[in-house]
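First comes the structure, then the notes that go with it.
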Protein chains: 2
Amino acid sequence: MPNGMYGRRRCCEAADGTQRQVGRGRWALVEPLVLAGLASSSRHGYELAQTIEEMTGGLLGVDLGGLYRTLRRLEAEGLVVSEWEQADAGPQRRRYSITADGVAVLQHWREHLAASRDLFARAVDAIDAAVAGVCGADRQDGRSS
Amino acid sequence: MPNGMYGRRRCCEAADGTQRQVGRGRWALVEPLVLAGLASSSRHGYELAQTIEEMTGGLLGVDLGGLYRTLRRLEAEGLVVSEWEQADAGPQRRRYSITADGVAVLQHWREHLAASRDLFARAVDAIDAAVAGVCGADRQDGRSS
DNA sequence: TCAGGTATATGACTACATCACATAGATGAA
DNA sequence: TTCATCTATGTGATGTAGTCATATACCTGA
């Protein structure tokens with residue numbers, strides 16, 4: 001289990017070892033999607049942004065500035081490696097590849113994201129139940145009973 | 001549509017009016033769950049924390065400090081109202097109720113959370129597909145092809 | 001008396017993302 | 001030839017949400 005293995009707390013890891021609280025980096029989608037995009041093939045950043053959009057069915061647009069920052073952080077942590085492409089034409093491009101450590105972290109992220117998906121599903125259901133109760137009640141003054 | 005109606009950007013509202021980027025408050029679970037908890041009944045903060053845990057099937061533990069801050073912010077925005085309970089015994093308790101504006105925002109949150117749930121589901125599927133490709137490949141050196 | 005549960009609250013901090021902006025090469029149109 | 005646009009990488013300032021530590025105070029029971 002990669003908890004604590006890569007220099008900082010990641011996704012589900014809380015200070016007391018529990019995994020019940022969220023936030024503080026536990027919602028991150030860009031990091032796991034970067035790793036997933038690089039798991040299928042090495043890519044440069046700009047291409048990776050398009051890959052992520054495709055992976056999410058166009059639901060998620062990635063900020064390029066944040067993406068490049070994430071890539072350099074992941075490289076500092078050893079989860080990806082990069083090299084400048086030698087090209088005779090076009091702007092300089094840095095090509096990123098995932099490492100074995102990156103794959104391990106990605107698989108850990110996968111479990112966390114599935115848990116997040118379930119958590120959001122439960123939240124939606126809870127709201128549906130609560131709003132159904134409100135709509136069934138008799139209220140005109142903008143306050144619940 | 002409550003976009004921009006309540007003094008600040010909320011969930012899916014981006015600067016350019018698009019809804020494709022996430023983060024910056026767009027993952028929030030505590031705010032909608034607070035509103036959902038108050039939609040079914042007026043409660044005080046401590047009780048609300050337990051309600052939220054129950055609503056999420058124990059998956060989400062709420063930080064009380066953050067919860068009280070959220071409640072006072074929502075009150076400043078007019079989405080909830082509160083009053084001190086007059087009790088002859090026990091610690092002082094502030095009882096919160098949701099307003100009509102709060103219900104409107106909650107219903108907006110519901111759609112956003114459903115979209116987030118779908119987005120996380122897509123991310124999980126994308127990771128599964130990417131990792132399957134990696135595991136099928138022939139690698140020993142810790143780098144993908 | 002003292003631990004532990006109930007109840008509210010503030011301060012310092014972190015993670016993640018947004019937005020604006022800078023740089024630079026390539027391409028194609030007016 | 002200038003100008004817009006796309007490709008490509010990057011920095012700086014800012015904001016939101018949540019974490020963690022800590023403080024106060026009341027109450028119950030051992």
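For the structure tokens, the naming scheme is as follows: chains receive sequential letters (A, B, ...) according to their order of presentation, residues are indexed from 1 within each chain, and ligands are indexed from 1 in presentation order.
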
Residues near D:DA8, anyone? I mean within 7 Å using only C-alpha atoms (C1' of nucleotides), not counting same-chain ones fewer than 6 positions away, as a compact mmCIF listing (two decimals) with N, CA and C atoms, in the first residue's frame.
```txt
# COMPACT_ATOMS: atom_id res chain seq x y z
N TYR A 46 0.79 18.79 -23.49
CA TYR A 46 -0.34 19.31 -24.25
C TYR A 46 -1.23 18.18 -24.75
N PRO A 91 7.79 23.56 -31.76
CA PRO A 91 8.21 23.98 -30.42
C PRO A 91 8.76 22.80 -29.64
N GLN A 92 9.61 23.12 -28.67
CA GLN A 92 10.18 22.07 -27.82
C GLN A 92 9.06 21.31 -27.09
N ARG A 93 9.22 20.00 -26.99
CA ARG A 93 8.24 19.19 -26.30
C ARG A 93 8.93 18.27 -25.30
```

Using only C-alpha atoms (C1' of nucleotides), what table do you get, as JSON lines, when you list each residue of chain C with an atom no more than 7 Å from chain A, its nearest pair of atoms, and their distance in Å rounded to one decimal, rows by chain then rising number?
```
{"residue": "C:DT14", "atom": "C1'", "partner": "A:Arg24", "partner_atom": "CA", "distance": 6.8}
{"residue": "C:DA15", "atom": "C1'", "partner": "A:Gly25", "partner_atom": "CA", "distance": 4.7}
{"residue": "C:DC16", "atom": "C1'", "partner": "A:Gly25", "partner_atom": "CA", "distance": 6.1}
{"residue": "C:DG25", "atom": "C1'", "partner": "A:Pro91", "partner_atom": "CA", "distance": 5.1}
{"residue": "C:DA26", "atom": "C1'", "partner": "A:Gly90", "partner_atom": "CA", "distance": 6.3}
```

Please produce a file of those selected residues containing N, CA and C atoms (P, O5', C5', C4', C3', O3' and C1' of nucleotides), as a PDB file, in the first residue's frame.
```pdb
ATOM      1  P    DT C  14       1.960  24.166   5.793  1.00  0.00           P
ATOM      2  O5'  DT C  14       0.941  23.310   4.930  1.00  0.00           O
ATOM      3  C5'  DT C  14       0.275  22.212   5.531  1.00  0.00           C
ATOM      4  C4'  DT C  14      -0.673  21.594   4.522  1.00  0.00           C
ATOM      5  C3'  DT C  14      -0.132  21.548   3.095  1.00  0.00           C
ATOM      6  O3'  DT C  14      -0.325  20.230   2.618  1.00  0.00           O
ATOM      7  C1'  DT C  14      -2.270  22.570   3.116  1.00  0.00           C
ATOM      8  P    DA C  15       0.303  19.703   1.294  1.00  0.00           P
ATOM      9  O5'  DA C  15      -0.980  19.521   0.371  1.00  0.00           O
ATOM     10  C5'  DA C  15      -2.084  18.793   0.868  1.00  0.00           C
ATOM     11  C4'  DA C  15      -3.178  18.798  -0.164  1.00  0.00           C
ATOM     12  C3'  DA C  15      -2.684  18.663  -1.597  1.00  0.00           C
ATOM     13  O3'  DA C  15      -3.527  17.713  -2.236  1.00  0.00           O
ATOM     14  C1'  DA C  15      -3.963  20.671  -1.348  1.00  0.00           C
ATOM     15  P    DC C  16      -3.237  17.245  -3.719  1.00  0.00           P
ATOM     16  O5'  DC C  16      -4.186  18.194  -4.556  1.00  0.00           O
ATOM     17  C5'  DC C  16      -5.598  18.129  -4.324  1.00  0.00           C
ATOM     18  C4'  DC C  16      -6.259  19.271  -5.040  1.00  0.00           C
ATOM     19  C3'  DC C  16      -5.875  19.378  -6.506  1.00  0.00           C
ATOM     20  O3'  DC C  16      -6.986  18.959  -7.275  1.00  0.00           O
ATOM     21  C1'  DC C  16      -5.982  21.510  -5.406  1.00  0.00           C
ATOM     22  P    DG C  25      11.392  31.197 -31.296  1.00  0.00           P
ATOM     23  O5'  DG C  25      10.824  30.017 -32.207  1.00  0.00           O
ATOM     24  C5'  DG C  25      10.986  28.676 -31.765  1.00  0.00           C
ATOM     25  C4'  DG C  25       9.929  27.803 -32.404  1.00  0.00           C
ATOM     26  C3'  DG C  25       9.804  27.980 -33.921  1.00  0.00           C
ATOM     27  O3'  DG C  25       9.660  26.715 -34.548  1.00  0.00           O
ATOM     28  C1'  DG C  25       7.713  28.381 -32.896  1.00  0.00           C
ATOM     29  P    DA C  26       9.768  26.572 -36.103  1.00  0.00           P
ATOM     30  O5'  DA C  26       8.238  26.462 -36.526  1.00  0.00           O
ATOM     31  C5'  DA C  26       7.522  25.264 -36.212  1.00  0.00           C
ATOM     32  C4'  DA C  26       6.079  25.434 -36.620  1.00  0.00           C
ATOM     33  C3'  DA C  26       5.856  25.726 -38.110  1.00  0.00           C
ATOM     34  O3'  DA C  26       5.124  24.644 -38.687  1.00  0.00           O
ATOM     35  C1'  DA C  26       4.576  27.189 -36.709  1.00  0.00           C
TER      36       DA C  26
END
```

- Return the neighbours of chain B among the residues of chain A, cut-off 6 Å, counting only C-alpha atoms, as a list of chain:residue names. A:Arg20, A:Gln21, A:Ala36, A:Ala39, A:Ser40, A:Met55, A:Thr56, A:Leu59, A:Leu60, A:Gly61, A:Ile98, A:Thr99, A:Ala100, A:Arg110, A:Arg117, A:Phe120, A:Ala121, A:Arg122, A:Val124, A:Ala126, A:Ile127, A:Ala130, A:Gly142, A:Arg143, A:Ser144

Taking C-alpha atoms for each residue, export the selection above as a PDB file, in the first residue's frame.
```pdb
ATOM      1  CA  ARG A  20     -12.927   8.552   6.750  1.00  0.00           C
ATOM      2  CA  GLN A  21     -12.284  12.216   6.082  1.00  0.00           C
ATOM      3  CA  ALA A  36      -3.752   7.007 -16.242  1.00  0.00           C
ATOM      4  CA  ALA A  39      -0.055   4.473 -18.285  1.00  0.00           C
ATOM      5  CA  SER A  40      -1.450   3.798 -21.748  1.00  0.00           C
ATOM      6  CA  MET A  55     -10.892   9.875 -21.020  1.00  0.00           C
ATOM      7  CA  THR A  56     -13.608  11.779 -19.192  1.00  0.00           C
ATOM      8  CA  LEU A  59     -16.633  16.253 -18.962  1.00  0.00           C
ATOM      9  CA  LEU A  60     -13.346  17.540 -17.571  1.00  0.00           C
ATOM     10  CA  GLY A  61     -11.344  20.405 -19.059  1.00  0.00           C
ATOM     11  CA  ILE A  98       5.048   6.683 -16.008  1.00  0.00           C
ATOM     12  CA  THR A  99       7.297   4.699 -13.649  1.00  0.00           C
ATOM     13  CA  ALA A 100       6.565   1.498 -11.751  1.00  0.00           C
ATOM     14  CA  ARG A 110      -8.277   3.848  -8.529  1.00  0.00           C
ATOM     15  CA  ARG A 117     -17.786   7.869  -6.733  1.00  0.00           C
ATOM     16  CA  PHE A 120     -21.020  11.212  -4.269  1.00  0.00           C
ATOM     17  CA  ALA A 121     -23.723   8.727  -5.228  1.00  0.00           C
ATOM     18  CA  ARG A 122     -24.770   8.458  -1.580  1.00  0.00           C
ATOM     19  CA  VAL A 124     -27.057  12.582  -4.272  1.00  0.00           C
ATOM     20  CA  ALA A 126     -29.396  11.729   0.526  1.00  0.00           C
ATOM     21  CA  ILE A 127     -30.271  15.048  -1.114  1.00  0.00           C
ATOM     22  CA  ALA A 130     -34.185  15.277   1.972  1.00  0.00           C
ATOM     23  CA  GLY A 142     -38.856  29.840   3.410  1.00  0.00           C
ATOM     24  CA  ARG A 143     -38.004  27.953   6.560  1.00  0.00           C
ATOM     25  CA  SER A 144     -38.210  24.261   7.288  1.00  0.00           C
TER      26      SER A 144
END
```

- Would you return as a PyMOL selection string the members of stretch 65-115 of chain B that DSSP assigns to strand (DSSP E) on this structure's backbone? chain B and resi 80-84+94-98

- Kindly give the distance, in Å, that separates atom CA of B:Arg69 and atom C1' of D:DC20, rounded to a single decimal.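 We find that atom CA of B:Arg69 and atom C1' of D:DC20 lie 14.8 Å from each other.
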